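Q: One file is attached below, target32.cif, containing mmCIF, C-alpha atoms and all ligand atoms.
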```cif
data_run
loop_
_atom_site.label_atom_id
_atom_site.label_comp_id
_atom_site.auth_asym_id
_atom_site.auth_seq_id
_atom_site.Cartn_x
_atom_site.Cartn_y
_atom_site.Cartn_z
CA MET A 1268 96.65 -56.95 227.72
CA ARG A 1269 95.57 -54.27 225.29
CA LYS A 1270 93.33 -56.75 223.51
CA VAL A 1271 91.53 -58.07 226.60
CA ALA A 1272 91.50 -54.76 228.56
CA PRO A 1273 91.71 -51.88 226.09
CA GLU A 1274 90.66 -49.45 228.82
CA LEU A 1275 93.87 -50.05 230.80
CA ASP A 1276 96.92 -47.87 230.28
CA VAL A 1277 99.54 -50.61 229.76
CA ARG A 1278 103.26 -49.87 230.07
CA VAL A 1279 105.93 -52.36 229.10
CA TRP A 1280 109.26 -52.79 230.87
CA PRO A 1281 111.95 -51.69 230.06
CA ASP A 1282 111.36 -49.43 227.07
CA ARG A 1283 107.80 -48.17 227.36
CA MET A 1284 107.38 -47.35 231.04
CA GLY A 1285 106.57 -43.64 230.77
CA ASP A 1286 106.26 -41.86 234.11
CA ILE A 1287 106.82 -44.73 236.58
CA SER A 1288 105.05 -42.83 239.38
CA GLU A 1289 101.78 -43.49 237.49
CA ILE A 1290 102.14 -47.28 237.64
CA GLU A 1291 99.80 -48.93 240.16
CA TYR A 1292 99.83 -52.61 239.17
CA CYS A 1293 102.67 -54.78 237.93
CA ALA A 1294 102.23 -58.13 236.15
CA ALA A 1295 105.43 -60.18 236.13
CA TRP A 1296 106.91 -63.65 235.76
CA LEU A 1297 110.70 -63.28 236.17
CA PRO A 1298 111.19 -59.63 237.13
CA PRO A 1299 114.87 -58.67 237.31
CA PRO A 1300 115.79 -57.71 240.90
CA GLY A 1301 115.11 -54.08 241.69
CA VAL A 1302 112.54 -53.40 238.94
CA VAL A 1303 109.46 -53.90 241.14
CA LYS A 1304 111.02 -51.82 243.92
CA SER A 1305 111.59 -48.95 241.50
CA LEU A 1306 107.81 -48.38 241.11
CA PRO A 1307 106.96 -45.87 243.87
CA LYS A 1308 103.13 -46.04 243.68
CA LEU A 1309 102.73 -49.79 243.22
CA LYS A 1310 99.56 -51.22 244.81
CA VAL A 1311 99.63 -54.92 243.78
CA ILE A 1312 102.10 -57.34 242.19
CA MET A 1313 100.34 -59.83 239.91
CA SER A 1314 102.27 -63.03 239.22
CA LEU A 1315 101.77 -64.30 235.68
CA GLY A 1316 102.02 -67.87 236.94
CA ALA A 1317 100.76 -70.06 239.78
CA GLY A 1318 104.23 -70.35 241.27
CA VAL A 1319 105.77 -67.22 242.75
CA ASP A 1320 109.28 -68.43 243.57
CA ALA A 1321 110.78 -66.31 240.77
CA ILE A 1322 109.13 -63.16 242.12
CA LEU A 1323 109.96 -63.85 245.77
CA LYS A 1324 113.62 -64.37 244.80
CA ASP A 1325 114.04 -60.60 244.40
CA PRO A 1326 115.60 -59.46 247.71
CA THR A 1327 114.50 -55.88 247.07
CA LEU A 1328 110.80 -56.72 246.70
CA PRO A 1329 108.78 -54.08 248.60
CA GLU A 1330 107.42 -55.72 251.75
CA ASN A 1331 104.10 -53.94 251.97
CA VAL A 1332 102.85 -54.61 248.43
CA PRO A 1333 100.55 -57.65 248.20
CA ILE A 1334 101.26 -60.41 245.64
CA VAL A 1335 98.44 -62.19 243.82
CA ARG A 1336 99.12 -65.44 241.95
CA VAL A 1337 97.26 -67.22 239.13
CA ASN A 1338 94.44 -69.58 240.06
CA ASP A 1339 92.54 -70.16 236.85
CA PRO A 1340 90.60 -73.20 235.58
CA ASP A 1341 92.42 -73.05 232.23
CA LEU A 1342 95.84 -73.46 233.90
CA THR A 1343 94.56 -76.06 236.36
CA GLY A 1344 92.92 -78.09 233.57
CA ARG A 1345 96.15 -78.13 231.59
CA MET A 1346 98.10 -79.40 234.60
CA THR A 1347 95.53 -82.11 235.26
CA GLU A 1348 95.80 -83.24 231.63
CA TYR A 1349 99.57 -83.55 232.05
CA ILE A 1350 99.44 -85.47 235.32
CA VAL A 1351 96.71 -87.83 234.10
CA LEU A 1352 98.55 -88.32 230.78
CA HIS A 1353 101.81 -89.29 232.49
CA VAL A 1354 100.26 -91.49 235.17
CA LEU A 1355 98.38 -93.32 232.40
CA MET A 1356 101.47 -93.47 230.20
CA HIS A 1357 103.41 -95.31 232.91
CA HIS A 1358 100.41 -97.38 234.01
CA ARG A 1359 99.65 -98.57 230.43
CA GLN A 1360 103.40 -98.95 229.64
CA GLN A 1361 103.06 -96.78 226.55
CA ARG A 1362 106.82 -96.33 226.12
CA ARG A 1363 107.25 -100.11 225.96
CA LEU A 1364 104.47 -100.29 223.35
CA ASP A 1365 106.10 -97.48 221.32
CA GLU A 1366 109.40 -99.36 221.36
CA ASN A 1367 107.66 -102.57 220.29
CA GLN A 1368 105.94 -100.83 217.41
CA LYS A 1369 109.23 -99.32 216.29
CA ASN A 1370 110.73 -102.83 216.21
CA ARG A 1371 107.59 -104.51 214.73
CA VAL A 1372 107.22 -106.67 217.84
CA TRP A 1373 103.72 -108.00 218.62
CA ASP A 1374 103.96 -108.46 222.38
CA SER A 1375 100.58 -108.39 224.10
CA PHE A 1376 101.98 -108.43 227.65
CA PRO A 1377 99.63 -108.64 230.65
CA THR A 1378 98.31 -105.33 232.00
CA HIS A 1379 96.71 -104.37 235.30
CA ALA A 1380 93.74 -102.28 236.40
CA ALA A 1381 94.06 -98.69 237.66
CA ARG A 1382 93.16 -99.85 241.17
CA ALA A 1383 96.48 -101.74 241.28
CA LEU A 1384 98.39 -98.46 241.41
CA SER A 1385 98.66 -96.09 244.40
CA VAL A 1386 99.24 -92.52 243.31
CA GLY A 1387 100.53 -90.04 245.91
CA ILE A 1388 100.35 -86.33 245.20
CA MET A 1389 102.65 -83.98 247.12
CA GLY A 1390 100.90 -80.59 247.21
CA MET A 1391 97.13 -80.66 247.49
CA GLY A 1392 96.43 -77.07 246.50
CA VAL A 1393 94.57 -75.87 243.43
CA MET A 1394 96.49 -78.14 241.03
CA GLY A 1395 97.00 -81.16 243.27
CA ARG A 1396 93.37 -81.44 244.26
CA ASP A 1397 92.08 -81.35 240.69
CA SER A 1398 94.59 -83.98 239.53
CA ALA A 1399 93.74 -86.14 242.56
CA GLU A 1400 90.02 -86.03 241.80
CA LYS A 1401 90.45 -86.93 238.13
CA LEU A 1402 92.86 -89.80 238.93
CA ARG A 1403 90.47 -91.06 241.62
CA ASP A 1404 87.65 -91.02 239.05
CA LEU A 1405 89.78 -93.20 236.77
CA GLY A 1406 90.05 -95.78 239.55
CA PHE A 1407 93.57 -95.15 240.90
CA ARG A 1408 94.09 -95.33 244.67
CA VAL A 1409 94.95 -91.70 245.38
CA ALA A 1410 96.39 -89.93 248.42
CA GLY A 1411 97.59 -86.38 248.90
CA TRP A 1412 100.21 -84.86 251.17
CA SER A 1413 100.03 -81.22 252.24
CA ARG A 1414 100.92 -79.03 255.18
CA THR A 1415 97.32 -79.00 256.38
CA ARG A 1416 94.72 -81.82 256.31
CA LYS A 1417 92.39 -81.98 253.30
CA ASP A 1418 88.93 -83.45 252.96
CA VAL A 1419 88.62 -84.68 249.38
CA PRO A 1420 86.14 -87.55 248.99
CA GLY A 1421 87.89 -90.78 248.00
CA VAL A 1422 91.36 -89.29 248.43
CA GLN A 1423 93.36 -90.17 251.55
CA SER A 1424 94.90 -87.12 253.22
CA PHE A 1425 98.33 -87.08 254.85
CA ALA A 1426 99.47 -83.87 256.53
CA GLY A 1427 102.78 -82.47 257.70
CA GLU A 1428 106.21 -83.93 258.37
CA SER A 1429 104.92 -86.51 260.85
CA GLU A 1430 102.78 -88.26 258.19
CA PHE A 1431 105.25 -87.95 255.30
CA ASP A 1432 106.88 -91.39 255.66
CA ALA A 1433 103.49 -93.14 255.84
CA PHE A 1434 102.44 -91.27 252.69
CA LEU A 1435 105.62 -92.34 250.87
CA GLY A 1436 105.26 -95.91 252.06
CA ARG A 1437 101.86 -96.37 250.38
CA THR A 1438 102.85 -94.60 247.12
CA ASP A 1439 103.72 -96.37 243.84
CA VAL A 1440 103.58 -93.19 241.71
CA LEU A 1441 104.86 -90.04 243.42
CA VAL A 1442 103.64 -86.78 241.85
CA SER A 1443 105.01 -83.39 242.92
CA LEU A 1444 102.78 -80.36 242.60
CA LEU A 1445 104.49 -78.52 245.42
CA PRO A 1446 105.62 -74.90 245.29
CA ALA A 1447 109.35 -74.16 245.50
CA THR A 1448 110.11 -73.15 249.08
CA PRO A 1449 113.05 -73.84 251.40
CA ASP A 1450 110.98 -76.70 252.92
CA THR A 1451 110.38 -78.45 249.59
CA ASP A 1452 113.89 -78.02 248.16
CA GLY A 1453 115.45 -81.40 247.31
CA ILE A 1454 112.45 -83.35 248.61
CA ILE A 1455 112.75 -85.92 245.80
CA ASN A 1456 116.05 -87.33 247.04
CA ARG A 1457 117.54 -90.81 247.44
CA GLY A 1458 116.38 -91.11 251.06
CA ASN A 1459 112.77 -90.34 250.25
CA ILE A 1460 112.83 -92.44 247.07
CA SER A 1461 113.93 -95.40 249.21
CA LYS A 1462 110.81 -94.97 251.38
CA LEU A 1463 108.37 -95.32 248.46
CA SER A 1464 106.28 -98.48 248.03
CA ARG A 1465 107.73 -101.47 246.21
CA ASN A 1466 104.46 -103.41 246.31
CA GLY A 1467 103.06 -101.95 243.08
CA PRO A 1468 102.78 -103.85 239.78
CA PHE A 1469 106.20 -102.66 238.55
CA GLY A 1470 108.06 -103.61 241.74
CA ALA A 1471 109.62 -100.15 241.93
CA PRO A 1472 108.10 -96.68 242.16
CA ILE A 1473 107.68 -93.95 239.55
CA VAL A 1474 108.27 -90.21 240.04
CA ILE A 1475 106.48 -87.38 238.21
CA ASN A 1476 107.67 -83.83 238.96
CA ALA A 1477 105.71 -80.90 237.55
CA GLY A 1478 106.20 -78.66 240.61
CA ARG A 1479 109.64 -77.05 240.43
CA GLY A 1480 113.08 -78.36 239.49
CA ARG A 1481 114.57 -77.46 242.85
CA GLN A 1482 112.45 -80.22 244.38
CA GLN A 1483 114.41 -82.97 242.65
CA VAL A 1484 118.00 -84.07 243.22
CA ALA A 1485 118.77 -85.08 239.62
CA GLU A 1486 121.81 -87.20 240.55
CA ASP A 1487 119.73 -89.13 243.10
CA ILE A 1488 117.00 -89.80 240.55
CA LEU A 1489 119.53 -90.99 237.96
CA ALA A 1490 121.28 -93.25 240.49
CA ALA A 1491 117.95 -94.72 241.62
CA LEU A 1492 116.88 -95.35 238.00
CA ASP A 1493 120.23 -97.02 237.25
CA SER A 1494 120.03 -99.28 240.29
CA GLY A 1495 116.39 -100.21 239.65
CA GLU A 1496 115.28 -98.50 242.85
CA LEU A 1497 113.08 -96.33 240.64
CA HIS A 1498 111.11 -97.77 237.73
CA ALA A 1499 110.73 -94.55 235.71
CA ALA A 1500 110.52 -90.75 235.95
CA THR A 1501 108.65 -87.98 234.17
CA LEU A 1502 110.25 -84.57 234.69
CA ASP A 1503 108.85 -81.26 233.45
CA VAL A 1504 110.88 -78.89 235.61
CA PHE A 1505 114.61 -78.51 236.25
CA VAL A 1506 117.00 -76.54 238.43
CA GLN A 1507 118.43 -74.99 235.27
CA GLU A 1508 115.98 -74.25 232.46
CA PRO A 1509 116.52 -74.84 229.60
CA LEU A 1510 118.07 -78.13 230.73
CA PRO A 1511 121.73 -78.07 229.58
CA PRO A 1512 122.37 -80.33 226.55
CA ASP A 1513 124.96 -82.36 228.47
CA SER A 1514 122.51 -83.44 231.19
CA ARG A 1515 122.21 -87.23 231.38
CA LEU A 1516 118.47 -86.78 231.94
CA TRP A 1517 118.02 -86.09 228.20
CA THR A 1518 119.10 -89.57 227.17
CA HIS A 1519 118.26 -91.82 230.10
CA PRO A 1520 115.98 -94.58 228.77
CA LYS A 1521 113.74 -94.46 231.85
CA VAL A 1522 113.23 -90.67 231.81
CA THR A 1523 110.43 -88.88 230.01
CA LEU A 1524 111.34 -85.24 229.83
CA THR A 1525 109.24 -82.20 228.87
CA PRO A 1526 110.31 -78.53 228.70
CA HIS A 1527 108.33 -76.91 231.57
CA CYS A 1528 105.12 -77.13 229.58
CA ALA A 1529 102.94 -79.20 231.94
CA ALA A 1530 100.57 -76.24 232.28
CA ASP A 1531 101.29 -73.51 229.79
CA SER A 1532 99.92 -70.08 230.64
CA ASP A 1533 97.65 -69.00 227.79
CA PRO A 1534 98.42 -65.26 227.31
CA GLU A 1535 94.82 -64.17 226.68
CA THR A 1536 93.41 -66.16 229.60
CA ILE A 1537 96.06 -64.97 232.03
CA CYS A 1538 95.75 -61.33 230.87
CA ALA A 1539 91.97 -61.50 231.33
CA TYR A 1540 92.56 -62.91 234.83
CA VAL A 1541 94.99 -60.09 235.69
CA ALA A 1542 92.70 -57.42 234.21
CA SER A 1543 89.69 -58.69 236.16
CA ASN A 1544 91.72 -58.69 239.39
CA ILE A 1545 92.75 -55.08 238.74
CA GLU A 1546 89.15 -54.11 238.12
CA LYS A 1547 87.96 -55.81 241.32
CA HIS A 1548 90.73 -54.17 243.33
CA ARG A 1549 89.77 -50.76 241.93
CA ARG A 1550 86.16 -51.40 242.98
CA GLY A 1551 87.45 -52.00 246.51
CA GLU A 1552 86.88 -55.77 246.53
CA PRO A 1553 89.33 -57.91 248.55
CA LEU A 1554 92.19 -59.52 246.63
CA GLN A 1555 91.88 -63.28 245.99
CA ASN A 1556 94.72 -65.82 245.77
CA LEU A 1557 97.08 -63.75 247.84
CA VAL A 1558 100.57 -65.10 248.38
CA ASP A 1559 101.65 -65.64 251.96
CA ARG A 1560 105.25 -64.47 251.88
CA ALA A 1561 106.16 -66.17 255.16
CA ARG A 1562 105.04 -69.57 253.77
CA GLY A 1563 106.61 -68.83 250.38
CA TYR A 1564 103.55 -69.70 248.27
P1 LIG B 1601 98.85 -74.01 245.82
O1 LIG B 1601 99.50 -72.94 246.60
O2 LIG B 1601 97.39 -73.97 245.58
O3 LIG B 1601 99.16 -75.44 246.53
C1 LIG B 1601 100.37 -75.75 247.11
C2 LIG B 1601 100.20 -77.02 247.92
O4 LIG B 1601 101.48 -77.44 248.41
C3 LIG B 1601 99.29 -76.85 249.14
O5 LIG B 1601 98.45 -77.96 249.27
C4 LIG B 1601 100.28 -76.77 250.30
O6 LIG B 1601 99.77 -77.25 251.53
C5 LIG B 1601 101.35 -77.71 249.80
N1 LIG B 1601 102.62 -77.46 250.47
C6 LIG B 1601 103.41 -76.36 250.41
N2 LIG B 1601 104.50 -76.50 251.19
C7 LIG B 1601 104.40 -77.73 251.75
C8 LIG B 1601 105.21 -78.45 252.65
N3 LIG B 1601 106.35 -77.96 253.13
N4 LIG B 1601 104.79 -79.69 253.02
C9 LIG B 1601 103.64 -80.20 252.54
N5 LIG B 1601 102.82 -79.57 251.69
C10 LIG B 1601 103.20 -78.35 251.28
O7 LIG B 1601 99.64 -74.11 244.44
P2 LIG B 1601 99.12 -74.65 243.02
O8 LIG B 1601 98.46 -75.96 243.22
O9 LIG B 1601 98.38 -73.60 242.31
O10 LIG B 1601 100.52 -74.83 242.26
C11 LIG B 1601 101.50 -75.68 242.79
C12 LIG B 1601 102.83 -75.50 242.07
O11 LIG B 1601 102.77 -76.06 240.77
C13 LIG B 1601 103.26 -74.04 241.81
O12 LIG B 1601 103.80 -73.45 242.97
C14 LIG B 1601 104.30 -74.22 240.72
O13 LIG B 1601 105.57 -74.45 241.31
C15 LIG B 1601 103.83 -75.50 240.01
N6 LIG B 1601 103.37 -75.21 238.66
C16 LIG B 1601 104.05 -75.78 237.60
C17 LIG B 1601 103.63 -75.58 236.30
C18 LIG B 1601 104.31 -76.26 235.17
O14 LIG B 1601 104.00 -75.98 234.00
N7 LIG B 1601 105.21 -77.20 235.44
C19 LIG B 1601 102.48 -74.71 236.01
C20 LIG B 1601 101.82 -74.20 237.18
C21 LIG B 1601 102.26 -74.44 238.45
P3 LIG B 1601 98.54 -76.49 252.28
O15 LIG B 1601 97.34 -76.68 251.37
O16 LIG B 1601 98.39 -77.21 253.55
O17 LIG B 1601 98.95 -75.04 252.40
C1 LIG B 1602 103.51 -71.52 236.84
C2 LIG B 1602 104.33 -72.19 235.82
O1 LIG B 1602 103.92 -71.49 238.00
O2 LIG B 1602 104.01 -72.06 234.62
O3 LIG B 1602 102.43 -71.02 236.50
O4 LIG B 1602 105.31 -72.85 236.15
#
```
The structure in this file should be written as structure tokens.
Ligand code: NDP
Ligand code: OXD
A:
Amino acid sequence: MRKVAPELDVRVWPDRMGDISEIEYCAAWLPPPGVVKSLPKLKVIMSLGAGVDAILKDPTLPENVPIVRVNDPDLTGRMTEYIVLHVLMHHRQQRRLDENQKNRVWDSFPTHAARALSVGIMGMGVMGRDSAEKLRDLGFRVAGWSRTRKDVPGVQSFAGESEFDAFLGRTDVLVSLLPATPDTDGIINRGNISKLSRNGPFGAPIVINAGRGRQQVAEDILAALDSGELHAATLDVFVQEPLPPDSRLWTHPKVTLTPHCAADSDPETICAYVASNIEKHRRGEPLQNLVDRARGY
């Protein structure tokens, strides 16, 4: 912060807070409960990430202080790279090729075109839309599911509970870029997995979760992979992070696992984003990317 905004008086919790009645803005990722509430003159809470579930978890969070989250092209671009990488990895069967190379097997198996695969993105916000557009441009058949209808050229839009089953039914690769809210908890469960398309080239669907770990029921995913109901899974997020060493997800042959790094927050970029929001707020400009606490994102 000091590097990108040397004019700001930056205090660091817990040791270098100084007089807390002078603190007007708070930038946080996992604030321990009660810390935000303890700042009597706080004007804005700035989340250091796109997701705000960790901040909203604090039951003592002051109700009248607005929360701003990250919406930055650097973070969005990183997420799109991850989603495109993993859709392509499954589509081009890269893990099978890696295994063949390891065993010196020359097996030039038949492949299929991108248009053979229907990708369905749950969460068509900042991240979901960008991933959808890039996958569409590669030739995949892309649809998105969100609370409200979206108009993204070449991307079919499904909205709300009533259209969820139809969305699942046309989806060979299910991607989650949903926020963690009570409505999205456990959404990747056995029941919903069973509703996914089985008409794709692999005969069983694939799941990619880069939203939040609470959205997946790990036991359901493992059971569906074991029974062949799911073809493969890429998981970046987990209920407990770091993922405990004894989790079966680590070693399952059909799971590709990454340590919550789908879209890493670059410290300088995020600090510049926070500093510019503070400056705009001080100039009296309206806050952008405000969190709606009632919706939970
Ligand atoms: P946005 O708030 O821009 O988008 C959220 C989307 O989810 C919206 O399209 C919203 O619908 C939809 N949505 C929310 N609740 C529901 C619901 N109940 N049913 C259907 N659709 C729903 O968020 P971002 O795109 O910026 O980020 C999404 C999430 O990605 C973050 O909350 C975070 O959890 C995760 N993330 C993960 C990272 C990682 O490294 N793994 C990094 C960054 C983010 P509508 O548009 O209609 O409101
Ligand atoms: C975020 C994250 O929400 O990194 O920004 O998970």
Q: Hey, can I get the axis-aligned box for ligand LIG 1602 (chain B)? All listed atoms, 8 Å padding on each side, centre and edge lengths in Å to one decimal, as lines of an AutoDock Vina configuration file.
A:
```
center_x = 103.9
center_y = -71.9
center_z = 236.3
size_x = 18.9
size_y = 17.8
size_z = 19.4
```
Q: Using all atoms listed in the file and a cutoff of 12 Å, can you tell me which residues are near (91.4, -96.9, 245.6) in the file's coordinates, and write them out as a list of chain:residue names?
A: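 Taken together, the residues in range are A:Ala1380, A:Ala1381, A:Arg1382, A:Ala1383, A:Leu1384, A:Ser1385, A:Val1386, A:Gly1387, A:Ala1399, A:Glu1400, A:Leu1402, A:Arg1403, A:Asp1404, A:Leu1405, A:Gly1406, A:Phe1407, A:Arg1408, A:Val1409, A:Ala1410, A:Pro1420, A:Gly1421, A:Val1422, A:Gln1423, A:Arg1437, A:Thr1438.
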Q: Return the single residue from A:His1498, A:Ser1375, A:Asp1320, A:Ala1530 that is closest to A:Arg1481, with distances computed using all atoms listed in the file.
A: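 Checking each of A:His1498, A:Ser1375, A:Asp1320, A:Ala1530 against A:Arg1481, counting all atoms listed in the file, the winner is A:Asp1320.
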Q: Within 8 Å of ligand LIG 1602 (chain B), counting all atoms listed in the file: which residues, as number ranges by chain?
A: A: 1315-1319, 1337, 1342, 1478-1479, 1527-1532
Q: Taking all atoms listed in the file into account, list the residues no farther than 7 Å from ligand LIG 1601 (chain B), as JSON, numbers by chain.
A: {"A": [1316, 1317, 1318, 1319, 1338, 1342, 1346, 1389, 1390, 1391, 1392, 1393, 1394, 1395, 1412, 1413, 1414, 1415, 1416, 1426, 1427, 1428, 1444, 1445, 1446, 1447, 1448, 1450, 1451, 1477, 1478, 1479, 1503, 1504, 1527, 1528, 1529, 1530, 1531, 1564]}
Q: Which residues come within 12 Å of A:Leu1510, counting all atoms listed in the file, excluding same-chain residues fewer than 5 positions away, as an MDAnalysis selection string?
A: chainID A and resid 1480 1485 1502:1505 1515:1517 1524:1527
Q: Work out how far apart atom CA of A:Met1313 and atom CA of A:Arg1560 are and give it in Å to one decimal.
A: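 Spanning atom CA of A:Met1313 to atom CA of A:Arg1560 is a straight-line distance of 13.7 Å.
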Q: Between atom CA of A:Gln1360 and atom CA of A:Ile1488, what distance in Å does the model show, to one decimal?
A: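 Atom CA of A:Ile1488 lies at a distance of 19.7 Å from atom CA of A:Gln1360.
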